[in-house]
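Undergrad: Handing you a structure now.
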Amino acid sequence: MATIVLAHGAWSAAWAWKKMRPLFRAAGHEFFSPTYTGLGERAHLAHQDIDLSTHVQDVTAVLEFEDLRDVTLLGHSYGGMVATGVADKAGARIARVVYIDAFAPRAGESLFDLVGPKAEANMRAGATKDGNGWKLPINPMPTDTAPEDLAWASPRRRPQPIKTFEQKLRLESKAPPPPRHYIYAKRNGPGDVFRQFGERARNEPGWKYYEMDCSHNPHIT
């Protein structure tokens, strides 16, 4: 049995992993899926000062208060930013980090640094137009998402606080990171921002690399 802790993606929350819960349970795993401050069922707590460190602390606190050890930490999409920070703060509790089509930052990088200036400018423009300057409008889901899944997921997605994408990741631990695994989604299509991290995992020591024949949200599709 594994103890699995989730760092979910942007605009999302624990609810998005509903389909995975019975699968983990049937396999004998214990699954913790904390929702970040300001999203999902915690959307009523949203404010303009929520940043990446807030979400890192959300997940780290679950490890500490539940006294979880030998954890398999999953980071999906933006959750790779969060998982990297959690592994730095609570590395002694973590057995491995699994990045699922996720950002895999180095120290000093923000998500905006990793998506590039064009994507950053588009998102900032959206926040200015529709999000009072600090709420990033909801990103479209992959085109192969089934209509019934769109109908389920779309009303539950919430704007992302912009500082979570602006803040550069601070890494302070001197210990080596836990073993890292990267699962790359092969159906992301043109403009795929995640290929760069798959290539890093293929070529850098300390990683194992895998591919899935899926688009960006395999937990849904």
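In the structure tokens, chains take the letters A, B, ... in the order shown, each chain's residues start at 1, and ligands count up from 1 in the order shown.
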Contacts of Met1 (chain A) at 9 Å or less, counting only C-alpha atoms, minus same-chain residues fewer than 6 places along, as a ChimeraX atom specification?
TA: /A:27-30
Undergrad: Any chance you can output those residues with C-alpha atoms as an mmCIF file, in the first residue's frame?
TA:
data_model
loop_
_atom_site.group_PDB
_atom_site.id
_atom_site.type_symbol
_atom_site.label_atom_id
_atom_site.label_comp_id
_atom_site.auth_asym_id
_atom_site.auth_seq_id
_atom_site.Cartn_x
_atom_site.Cartn_y
_atom_site.Cartn_z
ATOM 1 C CA ALA A 27 -5.411 -0.984 -5.284
ATOM 2 C CA GLY A 28 -5.030 -0.590 -1.510
ATOM 3 C CA HIS A 29 -3.581 2.922 -1.552
ATOM 4 C CA GLU A 30 -4.367 5.781 0.810
#
Undergrad: Write down as a ChimeraX atom specification the residues of chain A whose backbone DSSP state falls under strand (DSSP E).
TA: /A:3-7,30-32,71-76,94-100,135-136,160-161,180-185,207-212
Undergrad: Between A:Thr60, A:Ala125, A:Met141, A:Gln48, which one has atoms that come closest to Arg157 (chain A), using only C-alpha atoms?
TA: A:Met141
Undergrad: Would you tabulate, counting only C-alpha atoms, all residues of region 57-142 of chain A that have an atom at most 9 Å from an atom of region 162-169 of chain A, showing the closest pair of atoms and their distance in Å to one decimal, sorted by chain then ascending number, as JSON lines?
TA:
{"residue": "A:Tyr78", "atom": "CA", "partner": "A:Phe165", "partner_atom": "CA", "distance": 8.6}
{"residue": "A:Met81", "atom": "CA", "partner": "A:Leu169", "partner_atom": "CA", "distance": 7.6}
{"residue": "A:Val82", "atom": "CA", "partner": "A:Leu169", "partner_atom": "CA", "distance": 8.8}
{"residue": "A:Thr84", "atom": "CA", "partner": "A:Leu169", "partner_atom": "CA", "distance": 8.5}
{"residue": "A:Gly85", "atom": "CA", "partner": "A:Leu169", "partner_atom": "CA", "distance": 7.0}
{"residue": "A:Pro105", "atom": "CA", "partner": "A:Leu169", "partner_atom": "CA", "distance": 7.6}
{"residue": "A:Arg106", "atom": "CA", "partner": "A:Leu169", "partner_atom": "CA", "distance": 7.5}
{"residue": "A:Ala107", "atom": "CA", "partner": "A:Leu169", "partner_atom": "CA", "distance": 5.5}
{"residue": "A:Gly108", "atom": "CA", "partner": "A:Leu169", "partner_atom": "CA", "distance": 5.0}
{"residue": "A:Glu109", "atom": "CA", "partner": "A:Lys168", "partner_atom": "CA", "distance": 4.8}
{"residue": "A:Ser110", "atom": "CA", "partner": "A:Lys168", "partner_atom": "CA", "distance": 4.1}
{"residue": "A:Leu111", "atom": "CA", "partner": "A:Phe165", "partner_atom": "CA", "distance": 4.9}
{"residue": "A:Phe112", "atom": "CA", "partner": "A:Phe165", "partner_atom": "CA", "distance": 5.6}
{"residue": "A:Asp113", "atom": "CA", "partner": "A:Glu166", "partner_atom": "CA", "distance": 8.2}
{"residue": "A:Met123", "atom": "CA", "partner": "A:Ile162", "partner_atom": "CA", "distance": 8.8}
{"residue": "A:Arg124", "atom": "CA", "partner": "A:Ile162", "partner_atom": "CA", "distance": 8.1}
{"residue": "A:Ala127", "atom": "CA", "partner": "A:Ile162", "partner_atom": "CA", "distance": 7.8}
{"residue": "A:Gly133", "atom": "CA", "partner": "A:Ile162", "partner_atom": "CA", "distance": 8.2}
{"residue": "A:Trp134", "atom": "CA", "partner": "A:Ile162", "partner_atom": "CA", "distance": 5.1}
{"residue": "A:Lys135", "atom": "CA", "partner": "A:Ile162", "partner_atom": "CA", "distance": 5.7}
{"residue": "A:Leu136", "atom": "CA", "partner": "A:Ile162", "partner_atom": "CA", "distance": 5.8}
Undergrad: Only C-alpha atoms, please: the residues just picked out, written as a tab-separated table (two decimals), in the first residue's frame.
TA:
chain	number	residue	atom	x	y	z
A	78	TYR	CA	0.77	23.59	-12.11
A	81	MET	CA	5.44	23.81	-9.08
A	82	VAL	CA	3.75	23.04	-5.76
A	84	THR	CA	8.70	20.75	-6.05
A	85	GLY	CA	8.29	23.23	-3.21
A	105	PRO	CA	10.88	24.05	-12.11
A	106	ARG	CA	14.36	24.77	-10.92
A	107	ALA	CA	15.11	27.13	-8.05
A	108	GLY	CA	14.29	30.73	-8.89
A	109	GLU	CA	11.79	29.93	-11.66
A	110	SER	CA	8.14	30.95	-11.77
A	111	LEU	CA	5.43	29.38	-13.88
A	112	PHE	CA	5.38	32.52	-16.02
A	113	ASP	CA	9.11	32.05	-16.63
A	123	MET	CA	-2.85	35.45	-19.29
A	124	ARG	CA	-2.06	38.85	-17.81
A	127	ALA	CA	-6.66	38.94	-15.71
A	133	GLY	CA	-6.06	42.32	-12.37
A	134	TRP	CA	-5.38	39.33	-10.10
A	135	LYS	CA	-7.67	36.46	-11.17
A	136	LEU	CA	-6.47	34.46	-14.17
Undergrad: Return as an NGL selection string the full set of residues in region 17-221 of chain A whose backbone-based DSSP assignment is alpha helix (DSSP H).
TA: :A and (20-26 or 52-65 or 79-89 or 111-115 or 117-130 or 147-153 or 163-166 or 195-203)
Undergrad: Work out how far apart CA of Met212 (chain A) and CA of Ala185 (chain A) are and give it in Å to one decimal.
TA: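 Separating CA of Met212 (chain A) from CA of Ala185 (chain A) is a distance of 5.1 Å.
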Undergrad: Considering only C-alpha atoms, return as a list in words whatever protein or nucleic-acid residues lie within 9 Å of Ala201 (chain A), sequence-local ones (same chain, fewer than 6 positions apart) excluded.
TA: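 In the requested form, the answer reads Arg180, His181, Tyr182, Trp207, Lys208 and Tyr209 of chain A.
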Undergrad: Could you work out how far CA of Pro159 (chain A) lies from CA of Ile138 (chain A), giving the answer in Å with one decimal?
TA: 5.4 Å
Undergrad: Within 7 Å of region 68-74 of chain A, counting only C-alpha atoms, which residues qualify if same-chain residues fewer than 6 places away don't, as a PyMOL selection string?
TA: chain A and resi 2-7+83+93-99
Undergrad: Find the residues of region 25-117 of chain A that sit at most 12 Å from region 15-18 of chain A; for each, write down the nearest two atoms and how far apart they are in Å, to one decimal. Count only C-alpha atoms. Sort by chain, then by number going up, and give it as a tab-separated table.
TA:
residue	atom	partner	partner_atom	distance
A:Arg25	CA	A:Lys18	CA	11.6
A:Phe31	CA	A:Trp17	CA	10.2
A:Phe32	CA	A:Trp17	CA	10.5
A:Ser33	CA	A:Trp17	CA	8.0
A:Pro34	CA	A:Trp15	CA	9.7
A:Thr35	CA	A:Trp15	CA	8.4
A:Tyr36	CA	A:Trp15	CA	11.6
A:Leu39	CA	A:Trp15	CA	10.4
A:Gly40	CA	A:Trp15	CA	7.3
A:Glu41	CA	A:Trp15	CA	8.5
A:Arg42	CA	A:Trp15	CA	11.4
A:Leu74	CA	A:Trp17	CA	11.7
A:His76	CA	A:Trp17	CA	10.8
Undergrad: Go ahead and write the selection's residues with N, CA, C and O atoms as a PDB file, in the first residue's frame.
TA:
ATOM      1  N   ARG A  25      -8.262   3.285  -4.139  1.00  0.00           N
ATOM      2  CA  ARG A  25      -8.787   2.503  -3.019  1.00  0.00           C
ATOM      3  C   ARG A  25      -8.766   1.014  -3.346  1.00  0.00           C
ATOM      4  O   ARG A  25      -8.371   0.184  -2.511  1.00  0.00           O
ATOM      5  N   PHE A  31      -5.165   7.815  -0.238  1.00  0.00           N
ATOM      6  CA  PHE A  31      -5.072   8.976  -1.139  1.00  0.00           C
ATOM      7  C   PHE A  31      -5.538  10.232  -0.414  1.00  0.00           C
ATOM      8  O   PHE A  31      -6.681  10.312   0.029  1.00  0.00           O
ATOM      9  N   PHE A  32      -4.640  11.200  -0.327  1.00  0.00           N
ATOM     10  CA  PHE A  32      -4.954  12.510   0.245  1.00  0.00           C
ATOM     11  C   PHE A  32      -4.925  13.538  -0.888  1.00  0.00           C
ATOM     12  O   PHE A  32      -3.939  13.619  -1.629  1.00  0.00           O
ATOM     13  N   SER A  33      -6.002  14.335  -0.995  1.00  0.00           N
ATOM     14  CA  SER A  33      -6.072  15.305  -2.094  1.00  0.00           C
ATOM     15  C   SER A  33      -6.469  16.669  -1.554  1.00  0.00           C
ATOM     16  O   SER A  33      -7.611  17.107  -1.707  1.00  0.00           O
ATOM     17  N   PRO A  34      -5.546  17.379  -0.899  1.00  0.00           N
ATOM     18  CA  PRO A  34      -5.878  18.704  -0.374  1.00  0.00           C
ATOM     19  C   PRO A  34      -6.187  19.693  -1.501  1.00  0.00           C
ATOM     20  O   PRO A  34      -5.573  19.651  -2.568  1.00  0.00           O
ATOM     21  N   THR A  35      -7.147  20.556  -1.258  1.00  0.00           N
ATOM     22  CA  THR A  35      -7.468  21.638  -2.192  1.00  0.00           C
ATOM     23  C   THR A  35      -6.736  22.894  -1.761  1.00  0.00           C
ATOM     24  O   THR A  35      -6.720  23.240  -0.572  1.00  0.00           O
ATOM     25  N   TYR A  36      -6.148  23.587  -2.722  1.00  0.00           N
ATOM     26  CA  TYR A  36      -5.412  24.813  -2.423  1.00  0.00           C
ATOM     27  C   TYR A  36      -6.351  25.932  -1.947  1.00  0.00           C
ATOM     28  O   TYR A  36      -7.516  26.016  -2.363  1.00  0.00           O
ATOM     29  N   LEU A  39      -9.352  27.915  -4.218  1.00  0.00           N
ATOM     30  CA  LEU A  39      -9.875  27.125  -5.331  1.00  0.00           C
ATOM     31  C   LEU A  39     -10.855  26.077  -4.807  1.00  0.00           C
ATOM     32  O   LEU A  39     -10.914  25.808  -3.608  1.00  0.00           O
ATOM     33  N   GLY A  40     -11.644  25.483  -5.728  1.00  0.00           N
ATOM     34  CA  GLY A  40     -12.562  24.425  -5.355  1.00  0.00           C
ATOM     35  C   GLY A  40     -13.459  24.820  -4.199  1.00  0.00           C
ATOM     36  O   GLY A  40     -14.017  25.931  -4.168  1.00  0.00           O
ATOM     37  N   GLU A  41     -13.588  23.914  -3.232  1.00  0.00           N
ATOM     38  CA  GLU A  41     -14.444  24.186  -2.079  1.00  0.00           C
ATOM     39  C   GLU A  41     -13.862  25.253  -1.156  1.00  0.00           C
ATOM     40  O   GLU A  41     -14.516  25.685  -0.202  1.00  0.00           O
ATOM     41  N   ARG A  42     -12.642  25.723  -1.472  1.00  0.00           N
ATOM     42  CA  ARG A  42     -12.023  26.810  -0.703  1.00  0.00           C
ATOM     43  C   ARG A  42     -11.964  28.108  -1.510  1.00  0.00           C
ATOM     44  O   ARG A  42     -11.203  29.019  -1.191  1.00  0.00           O
ATOM     45  N   LEU A  74       2.210  13.323  -5.859  1.00  0.00           N
ATOM     46  CA  LEU A  74       1.831  13.544  -7.250  1.00  0.00           C
ATOM     47  C   LEU A  74       1.700  15.037  -7.517  1.00  0.00           C
ATOM     48  O   LEU A  74       1.005  15.736  -6.771  1.00  0.00           O
ATOM     49  N   HIS A  76       0.396  17.399 -10.649  1.00  0.00           N
ATOM     50  CA  HIS A  76      -0.178  17.477 -11.998  1.00  0.00           C
ATOM     51  C   HIS A  76      -0.177  18.925 -12.477  1.00  0.00           C
ATOM     52  O   HIS A  76      -0.624  19.821 -11.765  1.00  0.00           O
TER      53      HIS A  76
END
Undergrad: Between CA of Gly79 (chain A) and CA of Trp152 (chain A), measure the distance and give it in Å to one decimal.
TA: 21.2 Å
